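Novice: Pasting upload07.cif below, which is mmCIF, C-alpha atoms, pLDDT in the B column; chains and numbers go by the auth columns.
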```
data_protein
#
loop_
_atom_site.group_PDB
_atom_site.id
_atom_site.type_symbol
_atom_site.label_atom_id
_atom_site.label_comp_id
_atom_site.label_asym_id
_atom_site.label_seq_id
_atom_site.Cartn_x
_atom_site.Cartn_y
_atom_site.Cartn_z
_atom_site.B_iso_or_equiv
_atom_site.auth_seq_id
_atom_site.auth_asym_id
ATOM 1 C CA MET A 1 0.000 0.000 0.000 41.00 1 A
ATOM 2 C CA ALA A 2 1.371 3.440 -0.948 51.00 2 A
ATOM 3 C CA GLU A 3 2.160 5.958 1.754 71.00 3 A
ATOM 4 C CA SER A 4 -0.455 8.674 2.201 85.00 4 A
ATOM 5 C CA LEU A 5 0.566 12.233 1.404 94.00 5 A
ATOM 6 C CA THR A 6 0.288 14.675 4.301 96.00 6 A
ATOM 7 C CA VAL A 7 -1.343 18.107 4.020 97.00 7 A
ATOM 8 C CA LEU A 8 -0.974 20.786 6.686 98.00 8 A
ATOM 9 C CA VAL A 9 -3.970 23.145 6.806 98.00 9 A
ATOM 10 C CA VAL A 10 -3.325 26.468 8.575 98.00 10 A
ATOM 11 C CA ASP A 11 -6.541 28.398 9.166 98.00 11 A
ATOM 12 C CA ASP A 12 -8.073 30.170 12.159 97.00 12 A
ATOM 13 C CA GLU A 13 -11.637 29.341 11.091 97.00 13 A
ATOM 14 C CA PRO A 14 -12.660 25.928 12.494 97.00 14 A
ATOM 15 C CA ASP A 15 -15.329 25.462 9.798 98.00 15 A
ATOM 16 C CA VAL A 16 -12.767 25.959 7.028 98.00 16 A
ATOM 17 C CA CYS A 17 -10.397 23.478 8.677 98.00 17 A
ATOM 18 C CA TRP A 18 -13.213 20.957 9.012 98.00 18 A
ATOM 19 C CA ALA A 19 -14.304 21.350 5.380 98.00 19 A
ATOM 20 C CA LEU A 20 -10.784 21.030 3.972 98.00 20 A
ATOM 21 C CA GLU A 21 -9.988 18.092 6.233 98.00 21 A
ATOM 22 C CA THR A 22 -13.182 16.307 5.189 98.00 22 A
ATOM 23 C CA LEU A 23 -12.542 16.826 1.475 97.00 23 A
ATOM 24 C CA LEU A 24 -8.863 15.879 1.641 97.00 24 A
ATOM 25 C CA ARG A 25 -9.429 12.755 3.752 96.00 25 A
ATOM 26 C CA ARG A 26 -11.955 11.523 1.172 96.00 26 A
ATOM 27 C CA GLU A 27 -9.076 11.640 -1.303 94.00 27 A
ATOM 28 C CA ARG A 28 -6.971 9.619 1.143 95.00 28 A
ATOM 29 C CA PHE A 29 -4.661 12.413 2.281 96.00 29 A
ATOM 30 C CA THR A 30 -3.424 12.528 5.836 96.00 30 A
ATOM 31 C CA VAL A 31 -4.513 15.922 7.174 97.00 31 A
ATOM 32 C CA VAL A 32 -3.169 17.990 10.052 97.00 32 A
ATOM 33 C CA THR A 33 -4.975 21.220 10.953 98.00 33 A
ATOM 34 C CA VAL A 34 -3.640 24.076 13.067 98.00 34 A
ATOM 35 C CA GLY A 35 -5.277 27.362 13.971 97.00 35 A
ATOM 36 C CA ASN A 36 -2.439 29.861 13.548 98.00 36 A
ATOM 37 C CA GLY A 37 1.059 30.436 12.224 97.00 37 A
ATOM 38 C CA THR A 38 2.755 29.806 15.556 97.00 38 A
ATOM 39 C CA GLU A 39 1.213 26.342 15.771 97.00 39 A
ATOM 40 C CA ALA A 40 2.199 25.642 12.167 97.00 40 A
ATOM 41 C CA LEU A 41 5.837 26.570 12.766 96.00 41 A
ATOM 42 C CA ARG A 42 5.914 24.557 15.995 96.00 42 A
ATOM 43 C CA TRP A 43 4.468 21.490 14.225 96.00 43 A
ATOM 44 C CA LEU A 44 6.880 21.810 11.295 95.00 44 A
ATOM 45 C CA LYS A 45 9.894 21.977 13.650 94.00 45 A
ATOM 46 C CA GLU A 46 9.101 18.595 15.173 93.00 46 A
ATOM 47 C CA PRO A 47 11.682 16.181 13.750 88.00 47 A
ATOM 48 C CA GLU A 48 9.202 13.361 13.104 86.00 48 A
ATOM 49 C CA GLN A 49 6.762 15.601 11.209 82.00 49 A
ATOM 50 C CA ALA A 50 6.770 16.027 7.472 86.00 50 A
ATOM 51 C CA CYS A 51 4.210 17.253 5.008 92.00 51 A
ATOM 52 C CA HIS A 52 3.909 17.346 1.249 95.00 52 A
ATOM 53 C CA LEU A 53 1.600 20.340 0.906 96.00 53 A
ATOM 54 C CA ILE A 54 0.678 23.315 3.112 97.00 54 A
ATOM 55 C CA LEU A 55 -2.552 25.276 2.676 98.00 55 A
ATOM 56 C CA ILE A 56 -2.336 28.663 4.432 98.00 56 A
ATOM 57 C CA ASP A 57 -5.092 31.192 5.080 97.00 57 A
ATOM 58 C CA ALA A 58 -4.116 34.668 3.852 96.00 58 A
ATOM 59 C CA LYS A 59 -5.139 36.363 7.112 95.00 59 A
ATOM 60 C CA LEU A 60 -4.340 34.529 10.325 96.00 60 A
ATOM 61 C CA SER A 61 -4.780 35.826 13.861 93.00 61 A
ATOM 62 C CA ASP A 62 -1.029 36.041 14.526 96.00 62 A
ATOM 63 C CA ILE A 63 0.682 36.454 11.125 96.00 63 A
ATOM 64 C CA GLU A 64 -0.118 37.183 7.495 96.00 64 A
ATOM 65 C CA GLY A 65 -0.245 34.028 5.381 96.00 65 A
ATOM 66 C CA VAL A 66 2.398 35.341 2.959 97.00 66 A
ATOM 67 C CA ASP A 67 4.750 36.068 5.869 97.00 67 A
ATOM 68 C CA LEU A 68 4.221 32.572 7.219 97.00 68 A
ATOM 69 C CA ALA A 69 4.970 31.093 3.809 97.00 69 A
ATOM 70 C CA ARG A 70 8.222 33.074 3.654 97.00 70 A
ATOM 71 C CA ARG A 71 9.219 31.822 7.120 96.00 71 A
ATOM 72 C CA ILE A 72 8.525 28.234 6.144 94.00 72 A
#
```
Mind converting the file's structure to structure tokens?
Specialist:
Amino acid sequence: MAESLTVLVVDDEPDVCWALETLLRRERFTVVTVGNGTEALRWLKEPEQACHLILIDAKLSDIEGVDLARRI
């Protein structure tokens, strides 16, 4: 069985996270959701974590999405 691709969803709207997670899991992606840029950076720094795609909201509560993308 092929390894599932992991998607990190960064959005401060729980309904958006839920919708994206639901759609992506149907397509057999592994999905991790976080509510802000700080959580995203913390998750990405964990040595055992890896993701193949990151979906970032443009306006987060703690950082602009473009700024987060630059930091990543």
Novice: Choose the residue, out of A:Ser4, A:Leu60, A:Ile72, A:Glu46, that has the smallest atom-to-atom separation from Arg26 of chain A; count only C-alpha atoms.
Specialist: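 Smallest separation from Arg26 of chain A among the options: A:Ser4.
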Novice: Show me, as JSON lines, the residues of segment 2-47 of chain A having an atom within 9 Å of segment 62-69 of chain A, each with the closest atom pair and its distance in Å, using only C-alpha atoms.
Specialist:
```
{"residue": "A:Val10", "atom": "CA", "partner": "A:Gly65", "partner_atom": "CA", "distance": 8.8}
{"residue": "A:Asn36", "atom": "CA", "partner": "A:Asp62", "partner_atom": "CA", "distance": 6.4}
{"residue": "A:Gly37", "atom": "CA", "partner": "A:Ile63", "partner_atom": "CA", "distance": 6.1}
{"residue": "A:Thr38", "atom": "CA", "partner": "A:Asp62", "partner_atom": "CA", "distance": 7.4}
{"residue": "A:Ala40", "atom": "CA", "partner": "A:Leu68", "partner_atom": "CA", "distance": 8.8}
{"residue": "A:Leu41", "atom": "CA", "partner": "A:Leu68", "partner_atom": "CA", "distance": 8.3}
```
Novice: Run the PyMOL selection byres ((chain A and resi 53) around 8) mentally over the shown coordinates, then write out the matched residues as a list in words, using the chain letters and numbers from the document.
Specialist: Thr6, Val7, Leu8, Cys51, His52, Ile54 and Leu55 of chain A
Novice: Hey, which of A:Arg70, A:Pro47, A:Thr33, A:Ser61 ends up closest to Pro14 of chain A? Count all atoms listed in the file.
Specialist: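 Of A:Arg70, A:Pro47, A:Thr33, A:Ser61, the one nearest Pro14 of chain A, counting all atoms listed in the file, is A:Thr33.
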Novice: Atom CA of Glu48 of chain A and atom CA of Asp15 of chain A are how many Å apart?
Specialist: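 Separating atom CA of Glu48 of chain A from atom CA of Asp15 of chain A is a distance of 27.6 Å.
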Novice: Kindly indicate which residue among A:Leu44, A:Ala50, A:Ile56, A:Leu23 lies nearest to Val9 of chain A, using only C-alpha atoms for the distances.
Specialist: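 Looking at the shortest contact to Val9 of chain A, the residue is A:Ile56.
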Novice: For a quick check of understanding, using all atoms listed in the file, which of A:Asp11, A:Asp57, A:Leu5, A:Arg71 has the smallest distance to Val34 of chain A?
Specialist: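 Of all the options, A:Asp11 lies closest to Val34 of chain A.
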Novice: Can you measure atom CA of Leu20 of chain A to atom CA of Arg42 of chain A for me? One decimal in Å is fine.
Specialist: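 These atoms are spaced 20.9 Å apart.
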Novice: Could you rebuild segment 27-52 of chain A with N, CA, C and O atoms and give me the result as a JSON list (two decimals), in the coordinates of the input?
Specialist:
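Full text of part.json as output:
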```json
[["chain", "number", "residue", "atom", "x", "y", "z"],
["A", 27, "GLU", "N", -10.04, 11.94, -0.24],
["A", 27, "GLU", "CA", -9.08, 11.64, -1.30],
["A", 27, "GLU", "C", -7.85, 10.91, -0.76],
["A", 27, "GLU", "O", -6.84, 10.79, -1.44],
["A", 28, "ARG", "N", -7.97, 10.44, 0.47],
["A", 28, "ARG", "CA", -6.97, 9.62, 1.14],
["A", 28, "ARG", "C", -5.69, 10.35, 1.54],
["A", 28, "ARG", "O", -4.63, 9.74, 1.66],
["A", 29, "PHE", "N", -5.79, 11.66, 1.73],
["A", 29, "PHE", "CA", -4.66, 12.41, 2.28],
["A", 29, "PHE", "C", -4.68, 12.29, 3.80],
["A", 29, "PHE", "O", -5.74, 12.16, 4.40],
["A", 30, "THR", "N", -3.52, 12.35, 4.40],
["A", 30, "THR", "CA", -3.42, 12.53, 5.84],
["A", 30, "THR", "C", -3.47, 14.03, 6.06],
["A", 30, "THR", "O", -2.76, 14.77, 5.39],
["A", 31, "VAL", "N", -4.31, 14.49, 6.99],
["A", 31, "VAL", "CA", -4.51, 15.92, 7.17],
["A", 31, "VAL", "C", -4.21, 16.31, 8.61],
["A", 31, "VAL", "O", -4.67, 15.66, 9.55],
["A", 32, "VAL", "N", -3.44, 17.38, 8.76],
["A", 32, "VAL", "CA", -3.17, 17.99, 10.05],
["A", 32, "VAL", "C", -3.69, 19.42, 9.97],
["A", 32, "VAL", "O", -3.40, 20.12, 9.00],
["A", 33, "THR", "N", -4.47, 19.84, 10.95],
["A", 33, "THR", "CA", -4.97, 21.22, 10.95],
["A", 33, "THR", "C", -4.43, 21.94, 12.17],
["A", 33, "THR", "O", -4.33, 21.37, 13.26],
["A", 34, "VAL", "N", -4.07, 23.21, 11.97],
["A", 34, "VAL", "CA", -3.64, 24.08, 13.07],
["A", 34, "VAL", "C", -4.33, 25.42, 12.90],
["A", 34, "VAL", "O", -4.70, 25.80, 11.78],
["A", 35, "GLY", "N", -4.48, 26.16, 13.99],
["A", 35, "GLY", "CA", -5.28, 27.36, 13.97],
["A", 35, "GLY", "C", -4.53, 28.67, 13.78],
["A", 35, "GLY", "O", -5.15, 29.71, 13.66],
["A", 36, "ASN", "N", -3.19, 28.62, 13.76],
["A", 36, "ASN", "CA", -2.44, 29.86, 13.55],
["A", 36, "ASN", "C", -1.02, 29.55, 13.09],
["A", 36, "ASN", "O", -0.60, 28.40, 13.07],
["A", 37, "GLY", "N", -0.29, 30.60, 12.75],
["A", 37, "GLY", "CA", 1.06, 30.44, 12.22],
["A", 37, "GLY", "C", 2.04, 29.89, 13.25],
["A", 37, "GLY", "O", 2.92, 29.11, 12.91],
["A", 38, "THR", "N", 1.87, 30.30, 14.49],
["A", 38, "THR", "CA", 2.76, 29.81, 15.56],
["A", 38, "THR", "C", 2.64, 28.30, 15.70],
["A", 38, "THR", "O", 3.65, 27.59, 15.80],
["A", 39, "GLU", "N", 1.43, 27.79, 15.69],
["A", 39, "GLU", "CA", 1.21, 26.34, 15.77],
["A", 39, "GLU", "C", 1.81, 25.64, 14.56],
["A", 39, "GLU", "O", 2.38, 24.55, 14.69],
["A", 40, "ALA", "N", 1.65, 26.24, 13.39],
["A", 40, "ALA", "CA", 2.20, 25.64, 12.17],
["A", 40, "ALA", "C", 3.71, 25.52, 12.25],
["A", 40, "ALA", "O", 4.29, 24.45, 11.97],
["A", 41, "LEU", "N", 4.38, 26.60, 12.66],
["A", 41, "LEU", "CA", 5.84, 26.57, 12.77],
["A", 41, "LEU", "C", 6.29, 25.57, 13.82],
["A", 41, "LEU", "O", 7.27, 24.84, 13.61],
["A", 42, "ARG", "N", 5.58, 25.52, 14.94],
["A", 42, "ARG", "CA", 5.91, 24.56, 16.00],
["A", 42, "ARG", "C", 5.79, 23.13, 15.47],
["A", 42, "ARG", "O", 6.66, 22.28, 15.69],
["A", 43, "TRP", "N", 4.69, 22.84, 14.76],
["A", 43, "TRP", "CA", 4.47, 21.49, 14.22],
["A", 43, "TRP", "C", 5.55, 21.13, 13.21],
["A", 43, "TRP", "O", 6.08, 20.02, 13.22],
["A", 44, "LEU", "N", 5.88, 22.07, 12.34],
["A", 44, "LEU", "CA", 6.88, 21.81, 11.30],
["A", 44, "LEU", "C", 8.28, 21.59, 11.86],
["A", 44, "LEU", "O", 9.10, 20.92, 11.24],
["A", 45, "LYS", "N", 8.57, 22.14, 13.04],
["A", 45, "LYS", "CA", 9.89, 21.98, 13.65],
["A", 45, "LYS", "C", 10.08, 20.62, 14.31],
["A", 45, "LYS", "O", 11.21, 20.23, 14.60],
["A", 46, "GLU", "N", 9.00, 19.92, 14.56],
["A", 46, "GLU", "CA", 9.10, 18.60, 15.17],
["A", 46, "GLU", "C", 9.83, 17.67, 14.21],
["A", 46, "GLU", "O", 9.44, 17.56, 13.04],
["A", 47, "PRO", "N", 10.87, 16.99, 14.67],
["A", 47, "PRO", "CA", 11.68, 16.18, 13.75],
["A", 47, "PRO", "C", 10.94, 15.04, 13.07],
["A", 47, "PRO", "O", 11.27, 14.67, 11.95],
["A", 48, "GLU", "N", 9.92, 14.49, 13.71],
["A", 48, "GLU", "CA", 9.20, 13.36, 13.10],
["A", 48, "GLU", "C", 8.10, 13.80, 12.14],
["A", 48, "GLU", "O", 7.48, 12.98, 11.48],
["A", 49, "GLN", "N", 7.85, 15.11, 12.06],
["A", 49, "GLN", "CA", 6.76, 15.60, 11.21],
["A", 49, "GLN", "C", 7.28, 15.93, 9.81],
["A", 49, "GLN", "O", 8.39, 16.42, 9.66],
["A", 50, "ALA", "N", 6.46, 15.66, 8.85],
["A", 50, "ALA", "CA", 6.77, 16.03, 7.47],
["A", 50, "ALA", "C", 5.45, 16.20, 6.74],
["A", 50, "ALA", "O", 4.47, 15.51, 7.03],
["A", 51, "CYS", "N", 5.41, 17.12, 5.81],
["A", 51, "CYS", "CA", 4.21, 17.25, 5.01],
["A", 51, "CYS", "C", 4.61, 17.51, 3.56],
["A", 51, "CYS", "O", 5.72, 17.92, 3.27],
["A", 52, "HIS", "N", 3.68, 17.23, 2.68],
["A", 52, "HIS", "CA", 3.91, 17.35, 1.25],
["A", 52, "HIS", "C", 3.29, 18.61, 0.67],
["A", 52, "HIS", "O", 3.69, 19.06, -0.39]]
```
